[in-house]
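Step one of this worksheet: look at the structure below.
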2 protein chains.
Amino acid sequence: MAENKKIVVIGGSAAGPKTAARAKRLDQNAEVTIVQMAPELSMASCGYPYFVGGVFNDRKQLLSTPYGEVRDPDFFLHTKGITARTGTEVVDIDRDKHLVTCRDLETGDVDELVYDKLVIATGATARKPPLPGIDLQGVTTLQSLRDADFLRQIRDDKSITKAVVIGGGLIGIETSEALQLSGIDITVVELLPQILMFLDWELAKILENYVRSKAANVLTDIGVAEFIGKDGKLTAVKLANGTELPCELAVMAIGVQPNTRLAEAAGIRIGVTGGIDVNPFMQTSDPDIYAVGDCVEISNRITGARTRAPFGDLANLQGRVAGENVALGNSAQFPGTIHTGICKVFDFSAGSTGLSEAKARAAGYDNIVTVINASLDKPEFMGAKLLISKLVADARTGKILGVQCVGPGDVSKQIATAAMAILGNLTVHDLVNADLPYAPPFSLPIDHFIASAHLLENKMKGRLNGISSVEMKELLDSEEPPYVLDVRTPEEFDMMRLGIGETLIPLGELRPRLDELPADKNREIVCYCKISLRGYEAQGLLEANGWSNVKVLEGGVMAWPFGREK
Amino acid sequence: MAENKKIVVIGGSAAGPKTAARAKRLDQNAEVTIVQMAPELSMASCGYPYFVGGVFNDRKQLLSTPYGEVRDPDFFLHTKGITARTGTEVVDIDRDKHLVTCRDLETGDVDELVYDKLVIATGATARKPPLPGIDLQGVTTLQSLRDADFLRQIRDDKSITKAVVIGGGLIGIETSEALQLSGIDITVVELLPQILMFLDWELAKILENYVRSKAANVLTDIGVAEFIGKDGKLTAVKLANGTELPCELAVMAIGVQPNTRLAEAAGIRIGVTGGIDVNPFMQTSDPDIYAVGDCVEISNRITGARTRAPFGDLANLQGRVAGENVALGNSAQFPGTIHTGICKVFDFSAGSTGLSEAKARAAGYDNIVTVINASLDKPEFMGAKLLISKLVADARTGKILGVQCVGPGDVSKQIATAAMAILGNLTVHDLVNADLPYAPPFSLPIDHFIASAHLLENKMKGRLNGISSVEMKELLDSEEPPYVLDVRTPEEFDMMRLGIGETLIPLGELRPRLDELPADKNREIVCYCKISLRGYEAQGLLEANGWSNVKVLEGGVMAWPFGREK
C-alpha cells in the first residue's frame, strides 16, 4: 500500500486552512499539516474593522464556526483530521529534500517536516514606509488580531480623541468608519488625488464628499512626511506640505506587500507584480509547491494581465482549487479575477467590478464608452435610496468592461449582478432586456442596472448625448461655456442647486417657453435635472425644435462631484 | 413634408405609457395618444399591497413621479407631449381603415381615432370563478386602484377581523401580508399542493411553515366551493370539503386572464397560452399593430416555449421595445423571459429565476441535477440571516437552468445574480470561481450562491452524495429506513431536532466513536447537520473508514420542510 500523502501548508489565516480542509476532504488518508506563525487560526480578518468599531463585541466570533466552535488546533484535529501547529514559523524550504524547517516561536526549538506537496499561504503584510517616527507608540496598522485588539482597547478605554488614517483604500476607509464610530475624530490622508482607487475620480469624489459630511476629514493629493512624538508617543502627523495634524493614533493603510521571502529564498519564481507566480492550478514554478492567497499573483480575466488581488473571497476560492490539486493531482483551475470589490462606509457603500474607465484606458482600451446613471434603488414609497453607477463598455461591441456603484442604496446587489454579467461576457444589448427580480420592496420596475444599460445604449445609438460631470466642468471652465438648463421643479431648485450659471425652466413648461432659450440654434446647451431622465427628455424636445448641439449632464445634480451653490 | 405619424396606445397602466413615452422621445413629431379606461394613468399597481398594508399612507405616491408630479393627462401633455384620454374605452379596432372607436365612459360619447401604428396594452384581469356567492359584498380582488382603496379603507376602519385569501401565488401572498399587517386574521386557501408555484414543493413548504408561524393560516390542496352570505354580505367561505371559514372579506388571487377581447374581435392572432401573439418586435399578426404587457404571450428564453409573464418589469421593457419600433420601424427586439420573480412576505423573501425542478421536468429535461443549500448570507457577527437555495442544472453540461431561494436573508441579490448567470449561459463550473463582491456587511467570504455551486459541482463529481428532503422522507417511509446520523453539537440538538430516529454524534467526536455506527459497512447511512457542511465532512470520514453507502441530507435541519420533533 502506498504511503499516505504528506501535505504541508504554510499559513493558517484564510487560504491556508481552506486548502488544507479541501485536500483532507478529498484524500482522507493524506496527512495534512498547517504551520501558522500567529497563535490563532482561520481568523475572520475582514471582520476586524467591525470588531474595532463595536458592531459586535465578542472577539471569539472572529475565530469561531457559525455554530460556535473555536477553530483552534483541537478543532482542526478532531473535526477536520488536520494537524495545525500555531506559533510556529517556517524558516526554510528545502525543495530538493522536500522538507521545511519549522521553528517554535516560543521555545526556539527547530524541527523538520517532510512534504509531498507544499502549499505557501504566507499572506501579505501591511506596508509601513520608512518615515521618521514610524516606530512611535500610537502608529499602527490594522492587519493582525493584535492590531484589532489594540484598536478595540482604544475604543473601550475612550483614551484618545484624534486619529489620522493614512491611505484612503478599502482598509483605510473601513478603519476610518470603525474609529469614527468609536467616538474618535478622524482625518484620512491619501497621497493620490482620490480615495478608493477602484473607482473613477468622479465617483470617488461623491463618496469623499459623503465621508466628509459624516465628520471625517479627508485630505487627498498629500503625503505624510513624518510622525512627531513626545516621550516615544505619537503626538502629530506631519504632512508633506508642513501641516501638522495633532493626533494620538495613526493607522497606516497604504496597501499590503506579499510575503514572498520564503518562496524567493527557495528559488521559486516571483511574478512581475511581486507576488508568487502561479499557473491556473495555483502551482508555482516548482510543480510540488502551490501558493494561494494574498502572497500570489494571478490573472485579470478581462485584460489577461498579471495582477494581485488580496481579497478574502479569492483566497478561499484559490484554497479550494489548490486543495483539490494537491490531493488529487492537477484537476481544478482558478481562472483569475475581475477585481470585484465592495466596502461600506457609514450608510454608503462603494463597489466596483471589472475595469474602471481609468483602468481600461491604462490597459490600452482606446475605444470605450461610459455612462453615469443616478437613480433610486426602489420606489420612493418603499423607502428608496440613491444609487450612482458608472458603466464602462467596449464602444464597438457593447461588451461590459466594468461597473462601479456608490450610494446609500443596495450597491451590493448592483455589483454582484454586474460581476455576473461581466463573467458571462454580456453586452449592453443583452442587459437592456435583462430579466431581473422585481417587486417594490427590492427594486424599481426597471432596475437601476438595466436603466444604466438603457442610458448606455441610448448613448451608443446617438440618442442620448450625455457628458460626464468632469467633461461638464471642462466646458464650464472653457472660453465659451455652454448655456446650462436645469429642468427640475422650482421646489427642487430651491432645495438644492449647482450654481454654475444655469437657467431654470421646468420640463413641463419647456414647450411653451422655448423662446427663452438661445436664439442661436448652434449654441451648445447642456440640460440636466436631479438624475437626468428629464434632462434627456429636454434634449429630445430641443433637438426636435432645431437646436443642434444639446447635451445632457449624466447623473444630474445627484452625481455632481464638485461644490454646489446649495 | 410627410404627415406626422399617428400612434395610438390602448391602455395607460404600465406598458402603455412606457410605449408612448419611448415612441414620442424617438419621434418628437409623432402624435401619440393614450386611451385609458381607468381615471388614472401609470399606476404603480405593484405597490397596491404596500399601500393596503400601511407601508406608506400617501395614495398619491402610487401615481406620481419620483419628484412628486402626478402623472395625469396634464403631466403627459406638458412634460411628455403625449395626449392621454382617461375614462375612455376603445370599443372597436378597424384594421382596414386604421382607426379605433372610443367611448367616453362617463358621457357615452363615441368618436374615432386614426392610427398609423396601434399598440394594444390592455393588460389582464384578475380571475373570478363563477362560484355561488361571488358577487357578495366583501368578495374582491386586488387589481385596480379601486380595489386597493377598498382594502385600505378596511384597514383604516378596522372594520373586519377575518379574511380569506384565495390563491397562494405572488399576489395572494403579498395581499395576505398586507391584510395581516392591518390586524386581520388571514387564511390562505390554495387549490394546488403548495403556495408559490414558481418554487419547488420543498422550498414552498419552508415558506408556508414560516407564513403559518406569523399567524396566517395556510391551507393547500383544497378549493373553494361557495361564498356564503347574509343580507348580501359575505359571512364565510365554504371549502370543497365542506369546511366553512367565517370571514367578512375574501380576496380572489387565483391569477389573471389576459384582456384579448378587442384584439380577438379585430382578428388579431391569439397565441397558444391565450395571450396576444407577438414576435420579438412585439408586433402582432397585423404588422401595424403591436401589443405589450400583461395581455401578450412571449417566449421562455430557456425552453423556447411560448409563455405568459404578467410582471411589471417586463411590461416596461416590452413598452420600450415597442415604442422604438412604432416610432422608427422594427429595430429593437424583446428576447423573452426567464421567469424571474420575487416576493416579500413578512421578514422572508422568496424568489426564483429560470426553471424549477418541476418545471424543468415538465419541459422535458430528463437529465438534470439539483442541490439544496442552506447557509447564512453574511458572517454571524454582522447579523447574518439564513438563505435556502435550490439550484437546477443540466447534468451533462452543468448549465444552470434555474435557481430558487427563500429565507430571511438577502434573497433579492441571490436571484438577481442567478438571473444574470442564466442570461450569460453560465455553467456550475463557471460559478464555482465567480468573483463576487465580498465584505462582511454584505456576504460571506464564499457567497451563498458560489457555495451552492460548490455543492452542486461536488455532487456532479460524485463527491457529495446529497439527497433532498423529499428523497429522505421516502427513505424514512420505506421498508428499510437508513441509519440517520446528526453530527451537530449537543447544544444544537437540544434546541432543535428532526426526531426521525437519528443518532447524535458530534462531528468532532466522530473519529473516535466510529464503532458506534452500524457494523454493516453496506448499511445506508444519512448524515446531516444544521445546514449540512458538517454532514458532508462526515460523509467523507465514513467513506474513508469503509462505509460504502453514505448520503448527506441537503440543507440539513434548516431546509427540512416536514414537521420537527422540536
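As shown in the C-alpha cells, the chain order sets the letters A, B, ...; within each chain, residues go from 1, and ligands are also counted from 1 in the order they appear.
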Assign secondary structure with DSSP using the backbone only, and return the residues of stretch 212-423 of chain B in strand (DSSP E) as an MDAnalysis selection string. chainID B and resid 217:219 224:230 233:239 244:246 249:252 256:258 276:277 289:291 296:299 306:307 341:345 348:354 368:376 386:394 400:407
Among stretch 332-424 of chain A, which residues carry a DSSP assignment of helix (DSSP H, G or I), reported as JSON, numbers by chain? {"A": [357, 358, 359, 360, 361, 362, 380, 381, 382, 411, 412, 413, 414, 415, 416, 417, 418, 419, 420, 421, 422, 423]}
Determine, for each residue of chain A having at least one atom at most 6 Å from an atom of chain B, the closest pair of atoms and their separation in Å to one decimal, counting only C-alpha atoms; order by chain and ascending number, as a Markdown table.
```
| residue | atom | partner | partner_atom | distance |
| --- | --- | --- | --- | --- |
| A:Gln28 | CA | B:Ala544 | CA | 5.9 |
| A:His78 | CA | B:Gly508 | CA | 4.8 |
| A:Thr79 | CA | B:Gly508 | CA | 4.2 |
| A:Gly312 | CA | B:Pro445 | CA | 6.0 |
| A:Asp313 | CA | B:Pro445 | CA | 4.4 |
| A:Thr340 | CA | B:Pro437 | CA | 5.2 |
| A:Gly341 | CA | B:Pro437 | CA | 4.8 |
| A:Ile342 | CA | B:Pro437 | CA | 5.5 |
| A:Lys413 | CA | B:Lys413 | CA | 4.8 |
| A:Ala416 | CA | B:Leu436 | CA | 5.4 |
| A:Thr417 | CA | B:Thr417 | CA | 4.6 |
| A:Met420 | CA | B:Ala421 | CA | 5.8 |
| A:Ala421 | CA | B:Met420 | CA | 5.8 |
| A:Gly424 | CA | B:Gly424 | CA | 4.3 |
| A:Leu436 | CA | B:Ala416 | CA | 5.4 |
| A:Pro437 | CA | B:Gly341 | CA | 4.8 |
| A:Pro445 | CA | B:Asp313 | CA | 4.4 |
| A:Ile446 | CA | B:Asp313 | CA | 5.7 |
| A:Leu507 | CA | B:Thr79 | CA | 5.8 |
| A:Gly508 | CA | B:Thr79 | CA | 4.2 |
| A:Ala544 | CA | B:Gln28 | CA | 5.9 |
```
Give me the residues near A:Thr161 as JSON, numbers by chain, where near means some atom within 12 Å (using only C-alpha atoms) and where sequence neighbours in that chain fewer than 2 positions away do not count. {"A": [154, 155, 157, 158, 159, 163, 164, 179, 180, 181, 182, 183, 184, 185, 186, 187, 235, 246, 247, 248, 249, 250]}
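Residue nearest A:Leu99 within the list A:Asp288, A:Asp394, A:Glu3, A:Asp72: A:Asp288 [criterion: smallest interatomic distance, only C-alpha atoms].
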Within 8 Å of stretch 189-201 of chain A, counting only C-alpha atoms, which residues qualify if same-chain residues fewer than 3 places away don't, as an mmCIF file with C-alpha atoms, in the first residue's frame?
```
data_model
loop_
_atom_site.group_PDB
_atom_site.id
_atom_site.type_symbol
_atom_site.label_atom_id
_atom_site.label_comp_id
_atom_site.auth_asym_id
_atom_site.auth_seq_id
_atom_site.Cartn_x
_atom_site.Cartn_y
_atom_site.Cartn_z
ATOM 1 C CA VAL A 164 -5.118 60.002 11.378
ATOM 2 C CA VAL A 165 -5.707 57.203 8.909
ATOM 3 C CA ILE A 166 -3.049 57.115 6.241
ATOM 4 C CA GLY A 167 -4.375 55.691 2.999
ATOM 5 C CA GLY A 168 -7.854 56.001 1.546
ATOM 6 C CA GLY A 169 -8.202 52.497 0.173
ATOM 7 C CA LEU A 170 -10.637 49.822 1.317
ATOM 8 C CA ALA A 204 -14.704 58.618 -5.575
ATOM 9 C CA LYS A 205 -15.361 62.332 -5.026
ATOM 10 C CA GLU A 208 -15.388 61.546 -0.351
ATOM 11 C CA VAL A 218 -10.425 63.665 4.010
ATOM 12 C CA LEU A 219 -7.252 65.092 2.514
ATOM 13 C CA THR A 220 -6.165 63.940 -0.926
ATOM 14 C CA ASP A 221 -3.081 64.662 -3.029
ATOM 15 C CA ILE A 222 -0.871 64.818 0.016
ATOM 16 C CA GLY A 223 1.664 62.521 1.598
ATOM 17 C CA VAL A 224 2.917 62.058 5.127
ATOM 18 C CA GLY A 351 -18.289 48.810 -5.139
ATOM 19 C CA SER A 352 -16.668 48.021 -8.437
ATOM 20 C CA SER A 356 -12.908 51.496 -14.268
ATOM 21 C CA GLU A 357 -12.545 53.973 -17.111
ATOM 22 C CA ALA A 358 -9.088 54.920 -15.870
ATOM 23 C CA GLN A 404 -18.885 50.973 -10.413
#
```
Selection near A:Val292, 8 Å with only C-alpha atoms, sequence-local residues under 4 positions removed, as a PDB file with N, CA and C atoms, in the first residue's frame:
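Result written to out.pdb:
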```pdb
ATOM      1  N   ALA A  15      -6.542  31.400   3.250  1.00  0.00           N
ATOM      2  CA  ALA A  15      -6.315  30.499   2.118  1.00  0.00           C
ATOM      3  C   ALA A  15      -5.716  29.172   2.587  1.00  0.00           C
ATOM      4  N   GLY A  16      -4.830  29.238   3.592  1.00  0.00           N
ATOM      5  CA  GLY A  16      -4.160  28.028   4.074  1.00  0.00           C
ATOM      6  C   GLY A  16      -5.133  26.996   4.619  1.00  0.00           C
ATOM      7  N   VAL A 119       2.161  23.840   0.250  1.00  0.00           N
ATOM      8  CA  VAL A 119       1.321  24.983  -0.132  1.00  0.00           C
ATOM      9  C   VAL A 119       1.804  26.219   0.630  1.00  0.00           C
ATOM     10  N   ILE A 120       2.117  27.254  -0.103  1.00  0.00           N
ATOM     11  CA  ILE A 120       2.558  28.504   0.524  1.00  0.00           C
ATOM     12  C   ILE A 120       1.363  29.451   0.592  1.00  0.00           C
ATOM     13  N   ALA A 121       0.987  29.782   1.800  1.00  0.00           N
ATOM     14  CA  ALA A 121      -0.135  30.704   2.019  1.00  0.00           C
ATOM     15  C   ALA A 121       0.298  31.698   3.078  1.00  0.00           C
ATOM     16  N   MET A 282      -2.847  26.941  -9.487  1.00  0.00           N
ATOM     17  CA  MET A 282      -2.278  27.554  -8.284  1.00  0.00           C
ATOM     18  C   MET A 282      -0.933  26.909  -7.935  1.00  0.00           C
ATOM     19  N   VAL A 296       0.115  35.662  -3.693  1.00  0.00           N
ATOM     20  CA  VAL A 296       0.299  35.250  -5.089  1.00  0.00           C
ATOM     21  C   VAL A 296      -0.082  36.326  -6.084  1.00  0.00           C
ATOM     22  N   ALA A 315      -9.048  34.329  -1.833  1.00  0.00           N
ATOM     23  CA  ALA A 315      -8.166  33.442  -1.076  1.00  0.00           C
ATOM     24  C   ALA A 315      -8.854  32.107  -0.823  1.00  0.00           C
ATOM     25  N   GLN A 318      -9.191  30.172  -4.160  1.00  0.00           N
ATOM     26  CA  GLN A 318      -7.892  29.623  -4.548  1.00  0.00           C
ATOM     27  C   GLN A 318      -7.532  28.421  -3.687  1.00  0.00           C
ATOM     28  N   GLY A 319      -7.844  28.522  -2.397  1.00  0.00           N
ATOM     29  CA  GLY A 319      -7.555  27.417  -1.487  1.00  0.00           C
ATOM     30  C   GLY A 319      -8.315  26.164  -1.885  1.00  0.00           C
ATOM     31  N   ALA A 322      -6.469  24.794  -4.990  1.00  0.00           N
ATOM     32  CA  ALA A 322      -5.169  24.198  -4.654  1.00  0.00           C
ATOM     33  C   ALA A 322      -5.359  22.940  -3.828  1.00  0.00           C
TER      34      ALA A 322
END
```
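Look at stretch 124-134 of chain B: the protein and nucleic acid residues within 7 Å of it, using only C-alpha atoms and passing over chain neighbours fewer than 4 places away, are Val139, Thr141, Gln143, Ala225, Glu226, Phe227, Ile228, Met252, Ala253, Ile254, Gly255, Val256, Gln257, Pro258, Asn259, Asp294 and Cys295 of chain B.
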Written selection (N, CA and C atoms) as a PDB file, in the first residue's frame:
```pdb
ATOM      1  N   VAL B 139     -66.463  40.163  -1.306  1.00  0.00           N
ATOM      2  CA  VAL B 139     -65.624  39.336  -2.184  1.00  0.00           C
ATOM      3  C   VAL B 139     -64.983  40.272  -3.194  1.00  0.00           C
ATOM      4  N   THR B 141     -61.025  41.507  -5.414  1.00  0.00           N
ATOM      5  CA  THR B 141     -59.685  41.175  -5.890  1.00  0.00           C
ATOM      6  C   THR B 141     -58.779  42.321  -5.462  1.00  0.00           C
ATOM      7  N   GLN B 143     -56.683  44.266  -7.741  1.00  0.00           N
ATOM      8  CA  GLN B 143     -56.108  44.555  -9.045  1.00  0.00           C
ATOM      9  C   GLN B 143     -56.158  46.035  -9.398  1.00  0.00           C
ATOM     10  N   ALA B 225     -65.690  26.158  -2.604  1.00  0.00           N
ATOM     11  CA  ALA B 225     -66.939  25.691  -3.220  1.00  0.00           C
ATOM     12  C   ALA B 225     -67.959  26.816  -3.350  1.00  0.00           C
ATOM     13  N   GLU B 226     -67.936  27.721  -2.371  1.00  0.00           N
ATOM     14  CA  GLU B 226     -69.036  28.671  -2.325  1.00  0.00           C
ATOM     15  C   GLU B 226     -68.699  29.825  -1.391  1.00  0.00           C
ATOM     16  N   PHE B 227     -69.244  30.987  -1.728  1.00  0.00           N
ATOM     17  CA  PHE B 227     -69.186  32.112  -0.798  1.00  0.00           C
ATOM     18  C   PHE B 227     -70.547  32.208  -0.125  1.00  0.00           C
ATOM     19  N   ILE B 228     -70.543  32.206   1.195  1.00  0.00           N
ATOM     20  CA  ILE B 228     -71.798  32.236   1.941  1.00  0.00           C
ATOM     21  C   ILE B 228     -72.020  33.645   2.475  1.00  0.00           C
ATOM     22  N   MET B 252     -59.864  37.296  -3.993  1.00  0.00           N
ATOM     23  CA  MET B 252     -59.532  36.318  -5.026  1.00  0.00           C
ATOM     24  C   MET B 252     -58.180  36.665  -5.624  1.00  0.00           C
ATOM     25  N   ALA B 253     -57.273  35.718  -5.593  1.00  0.00           N
ATOM     26  CA  ALA B 253     -55.949  35.962  -6.183  1.00  0.00           C
ATOM     27  C   ALA B 253     -55.487  34.681  -6.857  1.00  0.00           C
ATOM     28  N   ILE B 254     -56.292  34.241  -7.799  1.00  0.00           N
ATOM     29  CA  ILE B 254     -56.004  32.964  -8.460  1.00  0.00           C
ATOM     30  C   ILE B 254     -55.490  33.186  -9.875  1.00  0.00           C
ATOM     31  N   GLY B 255     -54.807  34.290 -10.053  1.00  0.00           N
ATOM     32  CA  GLY B 255     -54.188  34.527 -11.347  1.00  0.00           C
ATOM     33  C   GLY B 255     -54.970  35.505 -12.193  1.00  0.00           C
ATOM     34  N   VAL B 256     -54.398  35.821 -13.331  1.00  0.00           N
ATOM     35  CA  VAL B 256     -55.011  36.812 -14.207  1.00  0.00           C
ATOM     36  C   VAL B 256     -55.249  36.232 -15.594  1.00  0.00           C
ATOM     37  N   GLN B 257     -56.180  36.850 -16.282  1.00  0.00           N
ATOM     38  CA  GLN B 257     -56.609  36.452 -17.623  1.00  0.00           C
ATOM     39  C   GLN B 257     -56.259  37.610 -18.549  1.00  0.00           C
ATOM     40  N   PRO B 258     -55.495  37.365 -19.603  1.00  0.00           N
ATOM     41  CA  PRO B 258     -55.143  38.485 -20.495  1.00  0.00           C
ATOM     42  C   PRO B 258     -56.381  39.066 -21.166  1.00  0.00           C
ATOM     43  N   ASN B 259     -56.422  40.373 -21.247  1.00  0.00           N
ATOM     44  CA  ASN B 259     -57.551  41.049 -21.891  1.00  0.00           C
ATOM     45  C   ASN B 259     -57.341  41.091 -23.403  1.00  0.00           C
ATOM     46  N   ASP B 294     -49.276  42.703 -19.929  1.00  0.00           N
ATOM     47  CA  ASP B 294     -49.927  41.505 -19.392  1.00  0.00           C
ATOM     48  C   ASP B 294     -50.860  40.810 -20.391  1.00  0.00           C
ATOM     49  N   CYS B 295     -51.185  41.456 -21.519  1.00  0.00           N
ATOM     50  CA  CYS B 295     -52.101  40.836 -22.476  1.00  0.00           C
ATOM     51  C   CYS B 295     -51.390  39.974 -23.508  1.00  0.00           C
TER      52      CYS B 295
END
```
List the neighbours of B:Glu89 out to 10 Å using only C-alpha atoms; skip same-chain residues closer than 3 positions along the sequence, and give me the result as number ranges by chain. B: 10-11, 35-38, 85-86, 92, 101-105, 108, 110
Nearest to A:Leu386: which of A:Ile160, A:Met558, A:Ala309, A:Ile372 is it, counting only C-alpha atoms? A:Met558
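Taking atom CA of B:Ala327 and atom CA of B:Val100 as endpoints, the distance between them is 18.9 Å.
Separating atom CA of A:Ser213 from atom CA of A:Gly53 is a distance of 18.7 Å.
From atom CA of B:Val272 back to atom CA of B:Thr303, the distance works out to 15.1 Å.
Here the question is which of A:Asp347, A:Glu565, A:Glu457, A:Glu474 gets nearest to A:Val369 using only C-alpha atoms, and that residue is A:Glu457.
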